[in-house]
Amino acid sequence: MPHIPVEEHLPGITGLLEYRKDTAAPIRALTQFLLRGSSSLSAGERELIASLVSSRNQCVFCTQAHTTAADILLGEAESCRQVIENYPQAPVREKLKALLHIAALVQVSGKKVDSAAIAQARQAGASDQEIHDTVLLAGLFCLYNKYVDGLATGLPSHPEYFKQLGERITTIGYVRLPGGYDHLKKKSGSESSKDL
């Protein structure tokens with residue numbers, strides 16, 4: 001049960017973002033910019049970073065949400081599963097493995113990112129901007145994971161929720177729906193709609 005009153009039909013971070021729309025606006029803008037803005041890393045690769053960090057932080061909601069988004073963007077489910085289980089052996093390019101290593105270090109502590117990890121990423125072809133954005137993404141998802149779990153937000157009760165959420169964030173992105181989320185309130189005993 002959440003520590004603060006949030007809408008039952010909005011599990012995870014969405015309920016928190018609706019609770020404080022003023023603080024949600026910059027959170028949404030930064031997330032949209034980093035995960036869907038212009039980048040030499042694909043949107044799927046950036047979602048892999050979010051999934052890895054969230055899984056290492058044991059944040060169930062964020063792990064499932066971003067794993068689903070990564071699977072949709074990559075067109076398959078195996079890469080993300082393997083990244084979470086053992087990223088050094090995952091079927092992704094070497095540059096991404098090096099960046100995932102940096103993200104994994106950030107998840108433990110920013111101070112764990114050493115010159116060897118940076119050199120490895122550069123040797124694999126990572127630019128300074130890719131290194132910067134990886135550290136920022138990893139740090140940002142540590143914040144999100146602690147935000148979601150620190151306020152004990154709920155998980156969705158309907159198994160289709162994450163599929164629908166993944167479809168929304170891969171098509172619309174991380175911006176707030178113009179009309180809000182009231183259309184998601186339970187109708188005849190089940191969570192709805194494709195516009196999560």
# chains A, B, ... in the order shown; residues from 1 in each chain; ligands from 1
call {"tool": "residues_around", "arguments": {"residues": "Ala119 (chain A)", "least_positions_apart": "5", "cutoff": "12 Å", "atoms": "only C-alpha atoms", "output": "ChimeraX atom specification"}}
result
/A:95,98-99,101-102,113-114,124-128,131
call {"tool": "residues_around", "arguments": {"residues": "Arg46 (chain A)", "least_positions_apart": "3", "cutoff": "12 Å", "atoms": "only C-alpha atoms", "output": "number ranges by chain"}}
result
A: 31-43, 49-53, 66-67, 69-71, 73-74, 80, 96-97, 99-100, 103, 130-131, 133-138, 141, 170
call {"tool": "residues_around", "arguments": {"residues": "Pro156 (chain A)", "least_positions_apart": "5", "cutoff": "9 Å", "atoms": "only C-alpha atoms", "output": "VMD selection string"}}
result
chain A and resid 9 to 12 61 161 to 162 191
call {"tool": "select_by_dssp", "arguments": {"residues": "chain A", "states": "alpha helix (DSSP H)", "output": "count of residues only"}}
result
120
call {"tool": "residues_around", "arguments": {"residues": "region 16-29 of chain A", "least_positions_apart": "2", "cutoff": "10 Å", "atoms": "only C-alpha atoms", "output": "list of chain:residue names"}}
result
A:Pro2, A:Ile4, A:Pro5, A:Val6, A:Glu7, A:Leu10, A:Pro11, A:Gly12, A:Ile13, A:Thr14, A:Thr31, A:Gln32, A:Phe33, A:Leu34, A:Leu140, A:Tyr144, A:Tyr147, A:Val148, A:Leu151, A:Thr153, A:Gly173, A:Tyr174, A:Val175, A:Arg176, A:Gly180, A:Tyr181
call {"tool": "decode", "arguments": {"residues": "region 50-190 of chain A", "atoms": "C-alpha atoms", "output": "PDB file, in the first residue's frame"}}
result
ATOM      1  CA  ALA A  50      17.066   1.781 -17.902  1.00  0.00           C
ATOM      2  CA  SER A  51      16.136  -1.903 -17.557  1.00  0.00           C
ATOM      3  CA  LEU A  52      19.564  -2.956 -16.314  1.00  0.00           C
ATOM      4  CA  VAL A  53      19.739  -0.239 -13.660  1.00  0.00           C
ATOM      5  CA  SER A  54      16.145  -0.817 -12.538  1.00  0.00           C
ATOM      6  CA  SER A  55      16.665  -4.572 -12.249  1.00  0.00           C
ATOM      7  CA  ARG A  56      19.841  -4.093 -10.214  1.00  0.00           C
ATOM      8  CA  ASN A  57      17.910  -1.751  -7.927  1.00  0.00           C
ATOM      9  CA  GLN A  58      15.225  -4.453  -7.649  1.00  0.00           C
ATOM     10  CA  CYS A  59      12.517  -2.005  -8.702  1.00  0.00           C
ATOM     11  CA  VAL A  60       9.906  -4.366 -10.123  1.00  0.00           C
ATOM     12  CA  PHE A  61       7.673  -1.708 -11.680  1.00  0.00           C
ATOM     13  CA  CYS A  62      10.467   0.131 -13.514  1.00  0.00           C
ATOM     14  CA  THR A  63      12.205  -3.075 -14.585  1.00  0.00           C
ATOM     15  CA  GLN A  64       9.039  -4.461 -16.138  1.00  0.00           C
ATOM     16  CA  ALA A  65       8.037  -1.169 -17.764  1.00  0.00           C
ATOM     17  CA  HIS A  66      11.411  -0.548 -19.397  1.00  0.00           C
ATOM     18  CA  THR A  67      12.022  -4.177 -20.292  1.00  0.00           C
ATOM     19  CA  THR A  68       8.707  -4.186 -22.133  1.00  0.00           C
ATOM     20  CA  ALA A  69       9.638  -0.947 -23.916  1.00  0.00           C
ATOM     21  CA  ALA A  70      13.079  -2.331 -24.851  1.00  0.00           C
ATOM     22  CA  ASP A  71      11.539  -5.547 -26.183  1.00  0.00           C
ATOM     23  CA  ILE A  72       9.104  -3.592 -28.360  1.00  0.00           C
ATOM     24  CA  LEU A  73      11.778  -1.260 -29.709  1.00  0.00           C
ATOM     25  CA  LEU A  74      14.242  -4.075 -30.371  1.00  0.00           C
ATOM     26  CA  GLY A  75      11.586  -6.336 -31.868  1.00  0.00           C
ATOM     27  CA  GLU A  76      12.545  -9.253 -29.621  1.00  0.00           C
ATOM     28  CA  ALA A  77      12.722 -10.172 -25.949  1.00  0.00           C
ATOM     29  CA  GLU A  78      15.982 -12.098 -25.689  1.00  0.00           C
ATOM     30  CA  SER A  79      18.468  -9.200 -25.647  1.00  0.00           C
ATOM     31  CA  CYS A  80      16.962  -7.439 -22.650  1.00  0.00           C
ATOM     32  CA  ARG A  81      16.598 -10.672 -20.704  1.00  0.00           C
ATOM     33  CA  GLN A  82      20.269 -11.454 -21.306  1.00  0.00           C
ATOM     34  CA  VAL A  83      21.380  -7.891 -20.499  1.00  0.00           C
ATOM     35  CA  ILE A  84      19.666  -8.163 -17.117  1.00  0.00           C
ATOM     36  CA  GLU A  85      21.032 -11.658 -16.439  1.00  0.00           C
ATOM     37  CA  ASN A  86      24.603 -11.165 -17.692  1.00  0.00           C
ATOM     38  CA  TYR A  87      25.252  -8.040 -19.758  1.00  0.00           C
ATOM     39  CA  PRO A  88      28.906  -8.904 -20.608  1.00  0.00           C
ATOM     40  CA  GLN A  89      27.636 -11.969 -22.491  1.00  0.00           C
ATOM     41  CA  ALA A  90      24.478 -10.376 -23.932  1.00  0.00           C
ATOM     42  CA  PRO A  91      23.968 -10.257 -27.723  1.00  0.00           C
ATOM     43  CA  VAL A  92      24.615  -6.517 -28.037  1.00  0.00           C
ATOM     44  CA  ARG A  93      27.429  -4.553 -29.648  1.00  0.00           C
ATOM     45  CA  GLU A  94      30.672  -4.101 -27.710  1.00  0.00           C
ATOM     46  CA  LYS A  95      30.197  -0.364 -27.301  1.00  0.00           C
ATOM     47  CA  LEU A  96      26.859  -0.931 -25.610  1.00  0.00           C
ATOM     48  CA  LYS A  97      28.361  -3.590 -23.332  1.00  0.00           C
ATOM     49  CA  ALA A  98      30.967  -1.061 -22.211  1.00  0.00           C
ATOM     50  CA  LEU A  99      28.276   1.538 -21.579  1.00  0.00           C
ATOM     51  CA  LEU A 100      26.146  -1.002 -19.707  1.00  0.00           C
ATOM     52  CA  HIS A 101      29.200  -1.673 -17.542  1.00  0.00           C
ATOM     53  CA  ILE A 102      29.394   2.031 -16.706  1.00  0.00           C
ATOM     54  CA  ALA A 103      25.669   2.059 -15.925  1.00  0.00           C
ATOM     55  CA  ALA A 104      26.095  -0.957 -13.641  1.00  0.00           C
ATOM     56  CA  LEU A 105      28.903   0.824 -11.799  1.00  0.00           C
ATOM     57  CA  VAL A 106      26.821   3.996 -11.405  1.00  0.00           C
ATOM     58  CA  GLN A 107      24.002   1.892  -9.933  1.00  0.00           C
ATOM     59  CA  VAL A 108      26.355   0.860  -7.120  1.00  0.00           C
ATOM     60  CA  SER A 109      27.954   4.297  -6.693  1.00  0.00           C
ATOM     61  CA  GLY A 110      29.064   7.061  -8.999  1.00  0.00           C
ATOM     62  CA  LYS A 111      32.499   6.735  -7.421  1.00  0.00           C
ATOM     63  CA  LYS A 112      32.778   3.199  -8.834  1.00  0.00           C
ATOM     64  CA  VAL A 113      33.102   4.607 -12.352  1.00  0.00           C
ATOM     65  CA  ASP A 114      36.847   4.600 -12.813  1.00  0.00           C
ATOM     66  CA  SER A 115      39.233   5.538 -15.606  1.00  0.00           C
ATOM     67  CA  ALA A 116      39.454   1.890 -16.703  1.00  0.00           C
ATOM     68  CA  ALA A 117      35.701   1.715 -17.366  1.00  0.00           C
ATOM     69  CA  ILE A 118      35.832   4.987 -19.293  1.00  0.00           C
ATOM     70  CA  ALA A 119      38.862   3.826 -21.306  1.00  0.00           C
ATOM     71  CA  GLN A 120      37.110   0.550 -22.117  1.00  0.00           C
ATOM     72  CA  ALA A 121      34.061   2.440 -23.392  1.00  0.00           C
ATOM     73  CA  ARG A 122      36.204   4.772 -25.504  1.00  0.00           C
ATOM     74  CA  GLN A 123      38.164   1.839 -26.916  1.00  0.00           C
ATOM     75  CA  ALA A 124      34.851   0.226 -27.907  1.00  0.00           C
ATOM     76  CA  GLY A 125      33.916   3.405 -29.789  1.00  0.00           C
ATOM     77  CA  ALA A 126      31.828   5.327 -27.243  1.00  0.00           C
ATOM     78  CA  SER A 127      31.869   9.099 -27.536  1.00  0.00           C
ATOM     79  CA  ASP A 128      32.123  11.456 -24.597  1.00  0.00           C
ATOM     80  CA  GLN A 129      28.462  12.347 -25.062  1.00  0.00           C
ATOM     81  CA  GLU A 130      27.441   8.669 -24.972  1.00  0.00           C
ATOM     82  CA  ILE A 131      29.439   8.213 -21.775  1.00  0.00           C
ATOM     83  CA  HIS A 132      27.869  11.340 -20.284  1.00  0.00           C
ATOM     84  CA  ASP A 133      24.356  10.285 -21.234  1.00  0.00           C
ATOM     85  CA  THR A 134      24.874   6.767 -19.895  1.00  0.00           C
ATOM     86  CA  VAL A 135      25.964   8.098 -16.499  1.00  0.00           C
ATOM     87  CA  LEU A 136      23.058  10.541 -16.471  1.00  0.00           C
ATOM     88  CA  LEU A 137      20.547   7.837 -17.470  1.00  0.00           C
ATOM     89  CA  ALA A 138      21.853   5.436 -14.854  1.00  0.00           C
ATOM     90  CA  GLY A 139      21.750   8.087 -12.147  1.00  0.00           C
ATOM     91  CA  LEU A 140      18.296   9.189 -13.239  1.00  0.00           C
ATOM     92  CA  PHE A 141      16.931   5.662 -13.040  1.00  0.00           C
ATOM     93  CA  CYS A 142      18.417   5.206  -9.584  1.00  0.00           C
ATOM     94  CA  LEU A 143      16.377   8.262  -8.613  1.00  0.00           C
ATOM     95  CA  TYR A 144      13.229   6.897 -10.286  1.00  0.00           C
ATOM     96  CA  ASN A 145      13.636   3.481  -8.708  1.00  0.00           C
ATOM     97  CA  LYS A 146      14.024   4.980  -5.246  1.00  0.00           C
ATOM     98  CA  TYR A 147      11.090   7.328  -5.909  1.00  0.00           C
ATOM     99  CA  VAL A 148       8.806   4.437  -6.905  1.00  0.00           C
ATOM    100  CA  ASP A 149       9.871   2.070  -4.132  1.00  0.00           C
ATOM    101  CA  GLY A 150      10.456   4.710  -1.466  1.00  0.00           C
ATOM    102  CA  LEU A 151       6.780   5.661  -1.606  1.00  0.00           C
ATOM    103  CA  ALA A 152       5.701   2.000  -1.886  1.00  0.00           C
ATOM    104  CA  THR A 153       3.746   2.442  -5.083  1.00  0.00           C
ATOM    105  CA  GLY A 154       1.669  -0.486  -6.210  1.00  0.00           C
ATOM    106  CA  LEU A 155       2.032  -2.881  -9.081  1.00  0.00           C
ATOM    107  CA  PRO A 156      -0.756  -3.259 -11.631  1.00  0.00           C
ATOM    108  CA  SER A 157      -3.227  -6.038 -10.988  1.00  0.00           C
ATOM    109  CA  HIS A 158      -3.954  -6.652 -14.660  1.00  0.00           C
ATOM    110  CA  PRO A 159      -1.332  -8.683 -16.591  1.00  0.00           C
ATOM    111  CA  GLU A 160      -1.829  -6.638 -19.773  1.00  0.00           C
ATOM    112  CA  TYR A 161      -0.860  -3.372 -18.062  1.00  0.00           C
ATOM    113  CA  PHE A 162       2.853  -3.482 -18.903  1.00  0.00           C
ATOM    114  CA  LYS A 163       2.226  -4.471 -22.516  1.00  0.00           C
ATOM    115  CA  GLN A 164      -0.088  -1.507 -22.940  1.00  0.00           C
ATOM    116  CA  LEU A 165       2.273   0.800 -21.028  1.00  0.00           C
ATOM    117  CA  GLY A 166       5.162  -0.326 -23.226  1.00  0.00           C
ATOM    118  CA  GLU A 167       3.148   0.421 -26.353  1.00  0.00           C
ATOM    119  CA  ARG A 168       2.326   3.887 -25.061  1.00  0.00           C
ATOM    120  CA  ILE A 169       5.865   4.857 -24.105  1.00  0.00           C
ATOM    121  CA  THR A 170       7.314   3.531 -27.364  1.00  0.00           C
ATOM    122  CA  THR A 171       4.814   5.461 -29.482  1.00  0.00           C
ATOM    123  CA  ILE A 172       3.865   8.559 -27.474  1.00  0.00           C
ATOM    124  CA  GLY A 173       6.898   8.734 -25.204  1.00  0.00           C
ATOM    125  CA  TYR A 174       7.161   9.950 -21.633  1.00  0.00           C
ATOM    126  CA  VAL A 175       4.997  13.035 -21.942  1.00  0.00           C
ATOM    127  CA  ARG A 176       1.767  13.319 -19.985  1.00  0.00           C
ATOM    128  CA  LEU A 177      -1.344  12.467 -21.949  1.00  0.00           C
ATOM    129  CA  PRO A 178      -3.174  15.749 -22.704  1.00  0.00           C
ATOM    130  CA  GLY A 179      -6.387  14.555 -21.052  1.00  0.00           C
ATOM    131  CA  GLY A 180      -4.695  12.872 -18.106  1.00  0.00           C
ATOM    132  CA  TYR A 181      -5.374   9.306 -17.022  1.00  0.00           C
ATOM    133  CA  ASP A 182      -8.959   9.222 -15.766  1.00  0.00           C
ATOM    134  CA  HIS A 183      -9.869   6.964 -18.687  1.00  0.00           C
ATOM    135  CA  LEU A 184      -7.784   4.238 -17.021  1.00  0.00           C
ATOM    136  CA  LYS A 185     -10.032   3.961 -13.991  1.00  0.00           C
ATOM    137  CA  LYS A 186     -11.455   0.470 -13.569  1.00  0.00           C
ATOM    138  CA  LYS A 187     -14.397  -0.203 -15.774  1.00  0.00           C
ATOM    139  CA  SER A 188     -16.422  -3.321 -15.078  1.00  0.00           C
ATOM    140  CA  GLY A 189     -13.690  -4.806 -12.902  1.00  0.00           C
ATOM    141  CA  SER A 190     -10.695  -4.568 -15.224  1.00  0.00           C
TER     142      SER A 190
END
